[in-house]
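Asker: My questions will all concern the structure given below.
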Amino acid sequence: MGVEQAGKCSITSSVLDALRKEICSSTYADGQFITEAEVSQKYRVSKTPAREALAVLCQEKLLSKIPRKGYMVKKLSLKELRKLYQFRNILEQAAVEHAVRYADEEEIRQLDVLASARVDTSDPEWIQEYHRVNTAFHIGVAAVMQNEYLIDVLRNVLAILQRDLIEDMKYIGVEKTLEAHKLIVEAIRRRDLSAALALSAQQINIIERKEHMV
């Protein structure tokens, strides 16, 4: 990659990270429109990195491109969320079962390190840090399988669910979520398959509680 191309990628990544953070923290309301011109002006970049960043956010399902209007902030419907959480459950249950059966001591130690991470909610950037910590743990469990296809798909699902996962903190809290990571690792270390699967499913099945709150 040339210097000029690397510079363009860096600019796009910076704009992408900033926009994603604002969307996930609800700076933009559901249904609000964002335009290339607005992004270009706000971040003082050309339209190319603005367009590229917006296109990635469309792939992550955070935005929908509406012809002649711009990009609309999109909230996933309960039907879409249900499908995504079902798919995530299938992926993670397979990963957890594999870890219980085959993870060696070093892999369990690495999972323990990931599960020990904490988030300072007094930090203005805590939302992004929570998503990073949470994603790192779940991808870490999946990585025990050494299956790049499963890891890539799970990473994509977690990216699409990012905004919803952050909103989950209203119901279950950061500390409770992170503490569950420790309990999953302890169950893996004990080779307790039923406990590990139950703990994993409990984290994912927040969608059922949301449906009752609507």
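Starting from 1 in every chain, residues are counted up; chains themselves are A, B, ... following the order of the structure tokens, and ligands are numbered from 1 as listed.
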Show which residues sit within 12 Å of Ser116 in chain A, as a list in words. Count only C-alpha atoms, and ignore same-chain residues fewer than 4 positions away.
Answerer: Arg109, Gln110, Leu111, Asp112, Val133, Asn134, Ala136, Phe137, Glu175, Thr177, Leu178, Glu179, Ala180, His181, Lys182, Leu183, Ile184, Val185 and Glu186 of chain A
Asker: Given only C-alpha atoms, how would the per-residue table for range 130-188 of chain A near range 59-66 of chain A read, listing every residue at most 8 Å away with its closest atom pair and distance in Å to one decimal, sorted by chain and number, as a tab-separated table?
Answerer:
residue	atom	partner	partner_atom	distance
A:Asn156	CA	A:Glu60	CA	7.6
A:Ala159	CA	A:Glu60	CA	6.2
A:Ile160	CA	A:Glu60	CA	4.7
A:Arg163	CA	A:Leu62	CA	7.8
Asker: Have a look at A:Thr12, A:Ser77, A:Thr135, A:Gln202 and name the one nearest to Ala117 in chain A; count only C-alpha atoms.
Answerer: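 Selected residue with least distance to Ala117 in chain A: A:Thr135.
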Asker: Please provide as a PyMOL selection string all residues within 12 Å of range 48-52 of chain A, with the sequence filter that same-chain residues fewer than 4 positions apart are discarded (counting only C-alpha atoms).
Answerer: chain A and resi 5+7-19+34-44+56-59+65+70-71
Asker: Give me the residues within 8 Å of range 191-195 of chain A as a ChimeraX atom specification, counting only C-alpha atoms and dropping any in the same chain fewer than 6 places off.
Answerer: /A:97,100-101,184
Asker: How about saving the chosen residues, C-alpha atoms kept, as a PDB file, in the first residue's frame?
Answerer:
ATOM      1  CA  GLU A  97     -18.823 -26.109  23.440  1.00  0.00           C
ATOM      2  CA  VAL A 100     -15.106 -26.602  27.015  1.00  0.00           C
ATOM      3  CA  ARG A 101     -14.008 -29.742  25.211  1.00  0.00           C
ATOM      4  CA  ILE A 184     -18.130 -18.518  31.503  1.00  0.00           C
TER       5      ILE A 184
END
Asker: Which one of A:Cys24, A:Ala53, A:Val96, A:Leu81 sits closest to Asn205 in chain A if you count only C-alpha atoms?
Answerer: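 Between A:Cys24, A:Ala53, A:Val96, A:Leu81, the residue approaching Asn205 in chain A most closely is A:Leu81.
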Asker: At a cut-off of 12 Å, using only C-alpha atoms, what residues contact Phe87 in chain A? Leave out same-chain residues fewer than 3 positions from it and give the result as a ChimeraX atom specification.
Answerer: /A:80-84,90-94,150,153-154,156-158,161,201,204-205
Asker: Could you write those residues out with N, CA and C atoms, as a PDB file, in the first residue's frame?
Answerer:
ATOM      1  N   GLU A  80     -35.688  -8.241  13.050  1.00  0.00           N
ATOM      2  CA  GLU A  80     -34.293  -8.333  12.622  1.00  0.00           C
ATOM      3  C   GLU A  80     -33.395  -8.717  13.792  1.00  0.00           C
ATOM      4  N   LEU A  81     -33.657  -8.103  14.955  1.00  0.00           N
ATOM      5  CA  LEU A  81     -32.852  -8.412  16.136  1.00  0.00           C
ATOM      6  C   LEU A  81     -32.993  -9.877  16.536  1.00  0.00           C
ATOM      7  N   ARG A  82     -34.215 -10.383  16.471  1.00  0.00           N
ATOM      8  CA  ARG A  82     -34.448 -11.774  16.842  1.00  0.00           C
ATOM      9  C   ARG A  82     -33.616 -12.708  15.966  1.00  0.00           C
ATOM     10  N   LYS A  83     -33.614 -12.439  14.672  1.00  0.00           N
ATOM     11  CA  LYS A  83     -32.847 -13.285  13.743  1.00  0.00           C
ATOM     12  C   LYS A  83     -31.351 -13.203  14.029  1.00  0.00           C
ATOM     13  N   LEU A  84     -30.873 -11.985  14.296  1.00  0.00           N
ATOM     14  CA  LEU A  84     -29.448 -11.805  14.560  1.00  0.00           C
ATOM     15  C   LEU A  84     -29.027 -12.471  15.864  1.00  0.00           C
ATOM     16  N   ILE A  90     -26.316 -19.458  17.904  1.00  0.00           N
ATOM     17  CA  ILE A  90     -25.820 -20.670  17.246  1.00  0.00           C
ATOM     18  C   ILE A  90     -24.297 -20.639  17.164  1.00  0.00           C
ATOM     19  N   LEU A  91     -23.756 -19.500  16.737  1.00  0.00           N
ATOM     20  CA  LEU A  91     -22.306 -19.364  16.590  1.00  0.00           C
ATOM     21  C   LEU A  91     -21.592 -19.492  17.934  1.00  0.00           C
ATOM     22  N   GLU A  92     -22.099 -18.786  18.938  1.00  0.00           N
ATOM     23  CA  GLU A  92     -21.401 -18.763  20.217  1.00  0.00           C
ATOM     24  C   GLU A  92     -21.566 -20.060  21.010  1.00  0.00           C
ATOM     25  N   GLN A  93     -22.705 -20.714  20.864  1.00  0.00           N
ATOM     26  CA  GLN A  93     -22.869 -22.001  21.548  1.00  0.00           C
ATOM     27  C   GLN A  93     -21.876 -23.023  20.993  1.00  0.00           C
ATOM     28  N   ALA A  94     -21.666 -22.991  19.681  1.00  0.00           N
ATOM     29  CA  ALA A  94     -20.682 -23.896  19.070  1.00  0.00           C
ATOM     30  C   ALA A  94     -19.282 -23.567  19.570  1.00  0.00           C
ATOM     31  N   LEU A 150     -15.838 -18.730  11.039  1.00  0.00           N
ATOM     32  CA  LEU A 150     -16.734 -18.478  12.161  1.00  0.00           C
ATOM     33  C   LEU A 150     -16.386 -17.160  12.846  1.00  0.00           C
ATOM     34  N   VAL A 153     -17.569 -14.153  10.733  1.00  0.00           N
ATOM     35  CA  VAL A 153     -19.018 -14.008  10.749  1.00  0.00           C
ATOM     36  C   VAL A 153     -19.483 -13.473  12.101  1.00  0.00           C
ATOM     37  N   LEU A 154     -18.927 -14.010  13.191  1.00  0.00           N
ATOM     38  CA  LEU A 154     -19.319 -13.546  14.522  1.00  0.00           C
ATOM     39  C   LEU A 154     -18.925 -12.090  14.724  1.00  0.00           C
ATOM     40  N   ASN A 156     -18.736  -9.831  12.473  1.00  0.00           N
ATOM     41  CA  ASN A 156     -19.670  -9.030  11.681  1.00  0.00           C
ATOM     42  C   ASN A 156     -21.018  -8.902  12.397  1.00  0.00           C
ATOM     43  N   VAL A 157     -21.490 -10.006  12.981  1.00  0.00           N
ATOM     44  CA  VAL A 157     -22.761  -9.981  13.714  1.00  0.00           C
ATOM     45  C   VAL A 157     -22.665  -9.033  14.910  1.00  0.00           C
ATOM     46  N   LEU A 158     -21.556  -9.089  15.634  1.00  0.00           N
ATOM     47  CA  LEU A 158     -21.379  -8.207  16.789  1.00  0.00           C
ATOM     48  C   LEU A 158     -21.298  -6.740  16.360  1.00  0.00           C
ATOM     49  N   LEU A 161     -24.777  -5.605  15.647  1.00  0.00           N
ATOM     50  CA  LEU A 161     -25.536  -5.481  16.905  1.00  0.00           C
ATOM     51  C   LEU A 161     -24.955  -4.433  17.852  1.00  0.00           C
ATOM     52  N   ALA A 201     -25.853 -18.486  26.714  1.00  0.00           N
ATOM     53  CA  ALA A 201     -27.195 -18.226  26.198  1.00  0.00           C
ATOM     54  C   ALA A 201     -27.879 -17.118  26.990  1.00  0.00           C
ATOM     55  N   ILE A 204     -26.999 -13.769  25.694  1.00  0.00           N
ATOM     56  CA  ILE A 204     -27.507 -13.481  24.351  1.00  0.00           C
ATOM     57  C   ILE A 204     -29.012 -13.284  24.327  1.00  0.00           C
ATOM     58  N   ASN A 205     -29.734 -13.939  25.216  1.00  0.00           N
ATOM     59  CA  ASN A 205     -31.198 -13.938  25.146  1.00  0.00           C
ATOM     60  C   ASN A 205     -31.872 -12.699  25.705  1.00  0.00           C
TER      61      ASN A 205
END
Asker: To test your reading of the structure, identify every residue in range 11-204 of chain A that backbone DSSP assigns to strand (DSSP E), and report it as a list of chain:residue names.
Answerer: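 Strand (DSSP E) members of range 11-204 of chain A, listed: A:Phe33, A:Ile34, A:Leu63, A:Ser64, A:Lys65, A:Ile66, A:Gly70, A:Tyr71, A:Met72, A:Val73.
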Asker: Among range 140-171 of chain A, which ones does DSSP assign to alpha helix (DSSP H) (computed from the backbone)? Answer as a list in words.
Answerer: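 Answer for range 140-171 of chain A, restricted to alpha helix (DSSP H): Gly140, Val141, Ala142, Ala143, Glu148, Tyr149, Leu150, Ile151, Asp152, Val153, Leu154, Arg155, Asn156, Val157, Leu158, Ala159, Ile160, Gln162, Arg163, Asp164, Leu165, Ile166, Glu167, Met169, Lys170 and Tyr171 of chain A.
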Asker: Quick one, how far is CA of Asp152 in chain A from CA of Ala95 in chain A?
Answerer: 12.9 Å
Asker: Out of A:Ile188, A:Val73, A:Leu78, A:Ile139, which residue has the shortest atom-to-atom distance to Glu22 in chain A when counting only C-alpha atoms?
Answerer: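 Looking only at the distances to Glu22 in chain A, the closest residue turns out to be A:Val73.
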Asker: Compile the contact shell of Pro124 in chain A as a PyMOL selection string: residues with an atom at most 12 Å away, counting only C-alpha atoms, same-chain residues fewer than 5 positions apart removed.
Answerer: chain A and resi 21+25+119+129-130
Asker: Nearest to Ile166 in chain A among A:Leu197, A:Val141, A:Ala187, A:Ile23, with distances taken over only C-alpha atoms: which residue is it?
Answerer: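 Closest candidate: A:Ile23.
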